[in-house]
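Asker: One structure, pasted below without further comment.
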Amino acid sequence: MDDVLSVLRQAALFEGLSQQELQAIAALCQVRTFRSGEIITTQGEHGDELYVVSQGFVEVTLMNSAGGGEPRTVVQLGPGQIVGEMSLVDRGPRSATVRSLTDGALLHALKRDAFLQLCQTDTHLGYLVMRNMAADLSFKLRHRMLTGR
Amino acid sequence: MPAIYKVSYVVIGEEHPGAILNTDKEPRLDDLVRIGAREFRVVEVQELIPPHGEFHFLHASLKAP
């Protein structure tokens, strides 16, 4: 549990949460390990988990809207970053394919229903997490604007 | 709680997606940064958005050394 708490404290998604609130989220986390090249989410498919990168790097790639051509890598994400948040909040299909760039990449997975239930039950936690998630999406958008990708 | 720097690294002068990662050390000019298998030199650092709690949100431009 202490290891998970340490990971969560390093993620801006959980900035401002109390120790008790972090423990409630840690209790929902499932550890996943990925090999280099292994796919974590696939663009267009259904997904119901958000991931927090704990160790290693992942890359986010997009197919063009027509579905043809080579996939384009839009960003690499390292420790403390989250992936899968769009499907978590809008319940739409995965917006991108995410694959591990590192052998033994360690991610913490949060199931949507359990996570949203916690946000609804503990509205202080829910407000902070949703505010931070909006800030994270904004940060990623700013990064894409800077890279021109 | 020590500061955490969430950094948007953008590689200039080549086709590279850049990276976002957290670090406990503030990036500074001329630092060497490893992204994947490659190493880059920091050529610019600026605050992307104001800090919040222990988190600082930075943008750093990188170039191949």
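In the structure tokens, each chain is lettered A, B, ... as it comes, each chain's residues begin at 1, and ligands are numbered from 1 in order of appearance.
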Please provide as a PDB file with N, CA, C and O atoms, in the first residue's frame all residues within 6 Å of stretch 44-58 of chain B, with the sequence filter that same-chain residues fewer than 3 positions apart are discarded (counting only C-alpha atoms).
Answerer:
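Resulting contents of around.pdb:
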```pdb
ATOM      1  N   ALA B   3       9.325  19.665  -4.001  1.00  0.00           N
ATOM      2  CA  ALA B   3       8.697  20.055  -5.270  1.00  0.00           C
ATOM      3  C   ALA B   3       8.764  18.922  -6.293  1.00  0.00           C
ATOM      4  O   ALA B   3       9.701  18.129  -6.308  1.00  0.00           O
ATOM      5  N   ILE B   4       7.724  18.861  -7.113  1.00  0.00           N
ATOM      6  CA  ILE B   4       7.684  17.928  -8.249  1.00  0.00           C
ATOM      7  C   ILE B   4       7.526  18.776  -9.502  1.00  0.00           C
ATOM      8  O   ILE B   4       6.658  19.653  -9.560  1.00  0.00           O
ATOM      9  N   TYR B   5       8.364  18.510 -10.501  1.00  0.00           N
ATOM     10  CA  TYR B   5       8.324  19.282 -11.742  1.00  0.00           C
ATOM     11  C   TYR B   5       7.716  18.422 -12.843  1.00  0.00           C
ATOM     12  O   TYR B   5       8.282  17.398 -13.221  1.00  0.00           O
ATOM     13  N   LYS B   6       6.546  18.845 -13.294  1.00  0.00           N
ATOM     14  CA  LYS B   6       5.912  18.170 -14.429  1.00  0.00           C
ATOM     15  C   LYS B   6       6.341  18.935 -15.678  1.00  0.00           C
ATOM     16  O   LYS B   6       6.021  20.122 -15.825  1.00  0.00           O
ATOM     17  N   VAL B   7       7.082  18.268 -16.539  1.00  0.00           N
ATOM     18  CA  VAL B   7       7.755  18.980 -17.626  1.00  0.00           C
ATOM     19  C   VAL B   7       7.265  18.497 -18.994  1.00  0.00           C
ATOM     20  O   VAL B   7       7.202  17.289 -19.251  1.00  0.00           O
ATOM     21  N   SER B  61      12.577  23.223 -23.969  1.00  0.00           N
ATOM     22  CA  SER B  61      12.964  22.895 -25.343  1.00  0.00           C
ATOM     23  C   SER B  61      14.270  22.130 -25.323  1.00  0.00           C
ATOM     24  O   SER B  61      15.188  22.462 -24.544  1.00  0.00           O
TER      25      SER B  61
END
```
Asker: Could you tell me which residues of chain A sit within 7 Å of chain B when counting only C-alpha atoms, and give me the result as a list in words?
Answerer: Ala12, Glu15, Gly16, Thr73, Val74, Val75, Gln76, Leu77, Gly78, Pro79, Gly80, Gln81, His143 and Thr147 of chain A
Asker: In stretch 22-132 of chain A, what's strand (DSSP E or B) per DSSP? Answer as a PyMOL selection string?
Answerer: chain A and resi 30-34+39-41+49-55+58-62+72-77+82-83+97-100+105-111
Asker: Let's have the selection written as a short mmCIF file (atom, residue, chain, number, x, y, z; two decimals), in the first residue's frame, with N, CA, C and O atoms.
Answerer:
```
data_model
loop_
_atom_site.label_atom_id
_atom_site.label_comp_id
_atom_site.auth_asym_id
_atom_site.auth_seq_id
_atom_site.Cartn_x
_atom_site.Cartn_y
_atom_site.Cartn_z
N GLN A 30 -4.91 -1.40 -9.30
CA GLN A 30 -4.37 -2.71 -9.65
C GLN A 30 -3.08 -2.49 -10.43
O GLN A 30 -3.05 -1.67 -11.36
N VAL A 31 -2.04 -3.20 -10.04
CA VAL A 31 -0.74 -3.02 -10.70
C VAL A 31 -0.71 -3.85 -11.98
O VAL A 31 -1.13 -5.00 -12.00
N ARG A 32 -0.22 -3.22 -13.06
CA ARG A 32 -0.07 -3.91 -14.33
C ARG A 32 1.37 -3.71 -14.81
O ARG A 32 1.91 -2.60 -14.71
N THR A 33 1.95 -4.77 -15.35
CA THR A 33 3.30 -4.68 -15.91
C THR A 33 3.23 -4.96 -17.40
O THR A 33 2.52 -5.88 -17.82
N PHE A 34 3.97 -4.20 -18.20
CA PHE A 34 3.94 -4.35 -19.65
C PHE A 34 5.35 -4.51 -20.19
O PHE A 34 6.29 -3.89 -19.70
N ILE A 39 0.80 -3.43 -26.10
CA ILE A 39 -0.24 -2.41 -26.20
C ILE A 39 -1.04 -2.33 -24.90
O ILE A 39 -1.45 -3.35 -24.34
N ILE A 40 -1.28 -1.10 -24.46
CA ILE A 40 -2.02 -0.85 -23.22
C ILE A 40 -3.46 -0.46 -23.54
O ILE A 40 -4.39 -0.96 -22.93
N THR A 41 -3.63 0.43 -24.51
CA THR A 41 -4.97 0.75 -25.01
C THR A 41 -4.90 0.81 -26.53
O THR A 41 -3.85 1.14 -27.10
N GLU A 49 -10.62 1.70 -18.09
CA GLU A 49 -9.59 1.90 -17.07
C GLU A 49 -8.77 3.14 -17.36
O GLU A 49 -8.51 3.47 -18.52
N LEU A 50 -8.37 3.78 -16.29
CA LEU A 50 -7.39 4.87 -16.35
C LEU A 50 -6.09 4.31 -15.78
O LEU A 50 -6.12 3.49 -14.86
N TYR A 51 -4.96 4.75 -16.32
CA TYR A 51 -3.67 4.23 -15.86
C TYR A 51 -2.78 5.38 -15.38
O TYR A 51 -2.75 6.45 -15.99
N VAL A 52 -2.06 5.10 -14.32
CA VAL A 52 -1.04 6.02 -13.83
C VAL A 52 0.31 5.35 -14.10
O VAL A 52 0.55 4.23 -13.65
N VAL A 53 1.18 6.04 -14.85
CA VAL A 53 2.51 5.48 -15.15
C VAL A 53 3.36 5.60 -13.89
O VAL A 53 3.57 6.70 -13.37
N SER A 54 3.85 4.45 -13.44
CA SER A 54 4.67 4.44 -12.24
C SER A 54 6.15 4.32 -12.58
O SER A 54 7.00 5.02 -12.03
N GLN A 55 6.46 3.41 -13.49
CA GLN A 55 7.86 3.22 -13.93
C GLN A 55 7.87 3.01 -15.43
O GLN A 55 6.99 2.35 -15.98
N VAL A 58 5.69 5.22 -21.85
CA VAL A 58 4.73 4.73 -22.84
C VAL A 58 4.67 5.77 -23.96
O VAL A 58 5.03 6.93 -23.76
N GLU A 59 4.24 5.32 -25.15
CA GLU A 59 4.05 6.28 -26.24
C GLU A 59 2.59 6.26 -26.67
O GLU A 59 1.94 5.22 -26.66
N VAL A 60 2.13 7.46 -27.05
CA VAL A 60 0.74 7.64 -27.48
C VAL A 60 0.76 7.86 -28.98
O VAL A 60 1.42 8.78 -29.47
N THR A 61 0.03 7.01 -29.72
CA THR A 61 0.02 7.14 -31.18
C THR A 61 -1.41 7.29 -31.67
O THR A 61 -2.36 6.78 -31.06
N LEU A 62 -1.53 7.97 -32.81
CA LEU A 62 -2.83 8.21 -33.43
C LEU A 62 -2.82 7.73 -34.86
O LEU A 62 -1.83 7.95 -35.59
N ARG A 72 0.93 7.92 -36.01
CA ARG A 72 1.81 9.04 -35.67
C ARG A 72 1.94 9.12 -34.15
O ARG A 72 0.93 9.17 -33.44
N THR A 73 3.18 9.11 -33.67
CA THR A 73 3.40 9.24 -32.23
C THR A 73 3.25 10.70 -31.85
O THR A 73 3.91 11.58 -32.42
N VAL A 74 2.38 10.98 -30.87
CA VAL A 74 2.13 12.38 -30.50
C VAL A 74 2.84 12.77 -29.21
O VAL A 74 3.10 13.95 -28.98
N VAL A 75 3.14 11.82 -28.37
CA VAL A 75 3.85 12.15 -27.14
C VAL A 75 4.35 10.86 -26.47
O VAL A 75 3.78 9.80 -26.67
N GLN A 76 5.42 10.99 -25.72
CA GLN A 76 5.85 9.92 -24.84
C GLN A 76 5.57 10.37 -23.41
O GLN A 76 5.77 11.54 -23.09
N LEU A 77 5.10 9.44 -22.60
CA LEU A 77 4.73 9.79 -21.23
C LEU A 77 5.55 8.96 -20.25
O LEU A 77 5.68 7.75 -20.40
N ILE A 82 -0.76 10.22 -16.63
CA ILE A 82 -1.93 9.35 -16.72
C ILE A 82 -2.29 9.13 -18.18
O ILE A 82 -2.05 9.99 -19.03
N VAL A 83 -2.85 7.97 -18.45
CA VAL A 83 -3.38 7.65 -19.79
C VAL A 83 -4.75 7.00 -19.60
O VAL A 83 -5.02 6.40 -18.57
N THR A 97 -3.88 4.93 -29.35
CA THR A 97 -3.23 3.67 -28.96
C THR A 97 -2.04 4.03 -28.07
O THR A 97 -1.28 4.95 -28.38
N VAL A 98 -1.93 3.33 -26.97
CA VAL A 98 -0.82 3.54 -26.03
C VAL A 98 -0.06 2.24 -25.90
O VAL A 98 -0.65 1.18 -25.68
N ARG A 99 1.26 2.31 -26.11
CA ARG A 99 2.06 1.09 -25.94
C ARG A 99 3.27 1.39 -25.07
O ARG A 99 3.75 2.53 -24.99
N SER A 100 3.73 0.33 -24.44
CA SER A 100 4.88 0.47 -23.56
C SER A 100 6.15 0.62 -24.39
O SER A 100 6.34 -0.07 -25.39
N ALA A 105 7.50 -1.91 -17.83
CA ALA A 105 6.80 -0.66 -17.47
C ALA A 105 5.69 -1.00 -16.47
O ALA A 105 4.93 -1.95 -16.66
N LEU A 106 5.63 -0.20 -15.43
CA LEU A 106 4.69 -0.47 -14.34
C LEU A 106 3.61 0.62 -14.33
O LEU A 106 3.94 1.81 -14.25
N LEU A 107 2.37 0.20 -14.45
CA LEU A 107 1.25 1.15 -14.43
C LEU A 107 0.25 0.72 -13.37
O LEU A 107 0.10 -0.48 -13.10
N HIS A 108 -0.43 1.70 -12.78
CA HIS A 108 -1.50 1.41 -11.83
C HIS A 108 -2.83 1.70 -12.53
O HIS A 108 -3.03 2.79 -13.05
N ALA A 109 -3.69 0.69 -12.54
CA ALA A 109 -4.97 0.81 -13.25
C ALA A 109 -6.09 1.10 -12.26
O ALA A 109 -6.14 0.54 -11.16
N LEU A 110 -7.00 2.00 -12.69
CA LEU A 110 -8.20 2.31 -11.91
C LEU A 110 -9.42 2.02 -12.78
O LEU A 110 -9.56 2.59 -13.86
N LYS A 111 -10.28 1.15 -12.33
CA LYS A 111 -11.52 0.83 -13.05
C LYS A 111 -12.49 2.01 -12.97
O LYS A 111 -12.70 2.59 -11.91
#
```
Asker: Would you please extract all helix (DSSP H, G or I) residues from stretch 2-136 of chain A, as assigned by DSSP on the backbone, and give them as a ChimeraX atom specification?
Answerer: /A:2-9,12-14,19-26,85-90,112-121,123-136
Asker: Any idea what the distance is between atom CA of B:Ala64 and atom CA of A:Gly56?
Answerer: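 Distance reported for this atom pair: 21.6 Å.
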Asker: Could you jot down the atom CA of A:Leu137 to atom CA of A:Asp103 separation for me, Å, one decimal place?
Answerer: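 Answer for the atom CA of A:Leu137 to atom CA of A:Asp103 separation: 26.6 Å.
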Asker: If you count only C-alpha atoms, which residues fall within 8 Å of B:Phe40, apart from same-chain ones fewer than 2 positions away, as an NGL selection string?
Answerer: :B and (32-35 or 38 or 42 or 62-65)
Asker: Can you write out the residues you just picked, keeping all heavy atoms, as a PDB file, in the first residue's frame?
Answerer:
```pdb
ATOM      1  N   LEU B  32      21.528  17.712 -19.538  1.00  0.00           N
ATOM      2  CA  LEU B  32      21.277  16.624 -20.477  1.00  0.00           C
ATOM      3  C   LEU B  32      20.079  15.830 -19.975  1.00  0.00           C
ATOM      4  O   LEU B  32      19.992  15.491 -18.794  1.00  0.00           O
ATOM      5  CB  LEU B  32      22.501  15.719 -20.596  1.00  0.00           C
ATOM      6  CG  LEU B  32      23.712  16.360 -21.282  1.00  0.00           C
ATOM      7  CD1 LEU B  32      24.913  15.421 -21.241  1.00  0.00           C
ATOM      8  CD2 LEU B  32      23.398  16.748 -22.733  1.00  0.00           C
ATOM      9  N   VAL B  33      19.136  15.556 -20.884  1.00  0.00           N
ATOM     10  CA  VAL B  33      17.906  14.846 -20.527  1.00  0.00           C
ATOM     11  C   VAL B  33      17.787  13.620 -21.410  1.00  0.00           C
ATOM     12  O   VAL B  33      17.976  13.698 -22.628  1.00  0.00           O
ATOM     13  CB  VAL B  33      16.674  15.761 -20.747  1.00  0.00           C
ATOM     14  CG1 VAL B  33      15.379  14.998 -20.511  1.00  0.00           C
ATOM     15  CG2 VAL B  33      16.742  16.974 -19.842  1.00  0.00           C
ATOM     16  N   ARG B  34      17.485  12.484 -20.790  1.00  0.00           N
ATOM     17  CA  ARG B  34      17.314  11.259 -21.570  1.00  0.00           C
ATOM     18  C   ARG B  34      15.831  11.008 -21.799  1.00  0.00           C
ATOM     19  O   ARG B  34      15.035  10.967 -20.856  1.00  0.00           O
ATOM     20  CB  ARG B  34      17.939  10.083 -20.830  1.00  0.00           C
ATOM     21  CG  ARG B  34      17.800   8.752 -21.544  1.00  0.00           C
ATOM     22  CD  ARG B  34      18.718   7.702 -20.976  1.00  0.00           C
ATOM     23  NE  ARG B  34      20.120   7.956 -21.308  1.00  0.00           N
ATOM     24  CZ  ARG B  34      20.689   7.636 -22.465  1.00  0.00           C
ATOM     25  NH1 ARG B  34      19.976   7.050 -23.413  1.00  0.00           N
ATOM     26  NH2 ARG B  34      21.958   7.886 -22.684  1.00  0.00           N
ATOM     27  N   ILE B  35      15.454  10.881 -23.068  1.00  0.00           N
ATOM     28  CA  ILE B  35      14.087  10.499 -23.428  1.00  0.00           C
ATOM     29  C   ILE B  35      14.197   9.236 -24.260  1.00  0.00           C
ATOM     30  O   ILE B  35      14.724   9.263 -25.379  1.00  0.00           O
ATOM     31  CB  ILE B  35      13.359  11.601 -24.203  1.00  0.00           C
ATOM     32  CG1 ILE B  35      13.215  12.850 -23.325  1.00  0.00           C
ATOM     33  CG2 ILE B  35      11.991  11.118 -24.662  1.00  0.00           C
ATOM     34  CD1 ILE B  35      12.523  14.002 -24.010  1.00  0.00           C
ATOM     35  N   ARG B  38      17.483   8.161 -26.316  1.00  0.00           N
ATOM     36  CA  ARG B  38      18.273   9.312 -26.768  1.00  0.00           C
ATOM     37  C   ARG B  38      18.479  10.343 -25.671  1.00  0.00           C
ATOM     38  O   ARG B  38      17.679  10.466 -24.747  1.00  0.00           O
ATOM     39  CB  ARG B  38      17.585   9.966 -27.971  1.00  0.00           C
ATOM     40  CG  ARG B  38      17.527   9.049 -29.183  1.00  0.00           C
ATOM     41  CD  ARG B  38      16.972   9.784 -30.365  1.00  0.00           C
ATOM     42  NE  ARG B  38      17.744  10.998 -30.672  1.00  0.00           N
ATOM     43  CZ  ARG B  38      17.343  11.929 -31.507  1.00  0.00           C
ATOM     44  NH1 ARG B  38      16.178  11.807 -32.124  1.00  0.00           N
ATOM     45  NH2 ARG B  38      18.087  12.988 -31.743  1.00  0.00           N
ATOM     46  N   VAL B  42      19.068  20.639 -22.856  1.00  0.00           N
ATOM     47  CA  VAL B  42      18.032  21.638 -22.591  1.00  0.00           C
ATOM     48  C   VAL B  42      18.511  22.997 -23.101  1.00  0.00           C
ATOM     49  O   VAL B  42      19.591  23.459 -22.723  1.00  0.00           O
ATOM     50  CB  VAL B  42      17.713  21.720 -21.083  1.00  0.00           C
ATOM     51  CG1 VAL B  42      16.693  22.818 -20.799  1.00  0.00           C
ATOM     52  CG2 VAL B  42      17.220  20.377 -20.552  1.00  0.00           C
ATOM     53  N   LEU B  62      14.365  21.134 -26.186  1.00  0.00           N
ATOM     54  CA  LEU B  62      15.551  20.281 -26.240  1.00  0.00           C
ATOM     55  C   LEU B  62      16.132  20.268 -27.651  1.00  0.00           C
ATOM     56  O   LEU B  62      15.401  20.424 -28.627  1.00  0.00           O
ATOM     57  CB  LEU B  62      15.179  18.836 -25.869  1.00  0.00           C
ATOM     58  CG  LEU B  62      14.458  18.604 -24.540  1.00  0.00           C
ATOM     59  CD1 LEU B  62      14.057  17.134 -24.424  1.00  0.00           C
ATOM     60  CD2 LEU B  62      15.331  19.012 -23.367  1.00  0.00           C
ATOM     61  N   LYS B  63      17.430  20.043 -27.700  1.00  0.00           N
ATOM     62  CA  LYS B  63      18.100  19.828 -28.983  1.00  0.00           C
ATOM     63  C   LYS B  63      19.059  18.664 -28.838  1.00  0.00           C
ATOM     64  O   LYS B  63      19.583  18.417 -27.738  1.00  0.00           O
ATOM     65  CB  LYS B  63      18.896  21.061 -29.401  1.00  0.00           C
ATOM     66  CG  LYS B  63      18.103  22.095 -30.196  1.00  0.00           C
ATOM     67  CD  LYS B  63      19.032  23.169 -30.718  1.00  0.00           C
ATOM     68  CE  LYS B  63      18.272  24.112 -31.637  1.00  0.00           C
ATOM     69  NZ  LYS B  63      19.115  25.227 -32.099  1.00  0.00           N
ATOM     70  N   ALA B  64      19.291  17.990 -29.945  1.00  0.00           N
ATOM     71  CA  ALA B  64      20.309  16.935 -29.911  1.00  0.00           C
ATOM     72  C   ALA B  64      21.652  17.581 -29.593  1.00  0.00           C
ATOM     73  O   ALA B  64      21.967  18.660 -30.127  1.00  0.00           O
ATOM     74  CB  ALA B  64      20.357  16.219 -31.240  1.00  0.00           C
ATOM     75  N   PRO B  65      22.464  16.978 -28.700  1.00  0.00           N
ATOM     76  CA  PRO B  65      23.735  17.622 -28.318  1.00  0.00           C
ATOM     77  C   PRO B  65      24.748  17.600 -29.464  1.00  0.00           C
ATOM     78  O   PRO B  65      24.647  16.795 -30.357  1.00  0.00           O
ATOM     79  CB  PRO B  65      24.220  16.779 -27.149  1.00  0.00           C
ATOM     80  CG  PRO B  65      23.525  15.480 -27.246  1.00  0.00           C
ATOM     81  CD  PRO B  65      22.241  15.717 -27.993  1.00  0.00           C
TER      82      PRO B  65
END
```
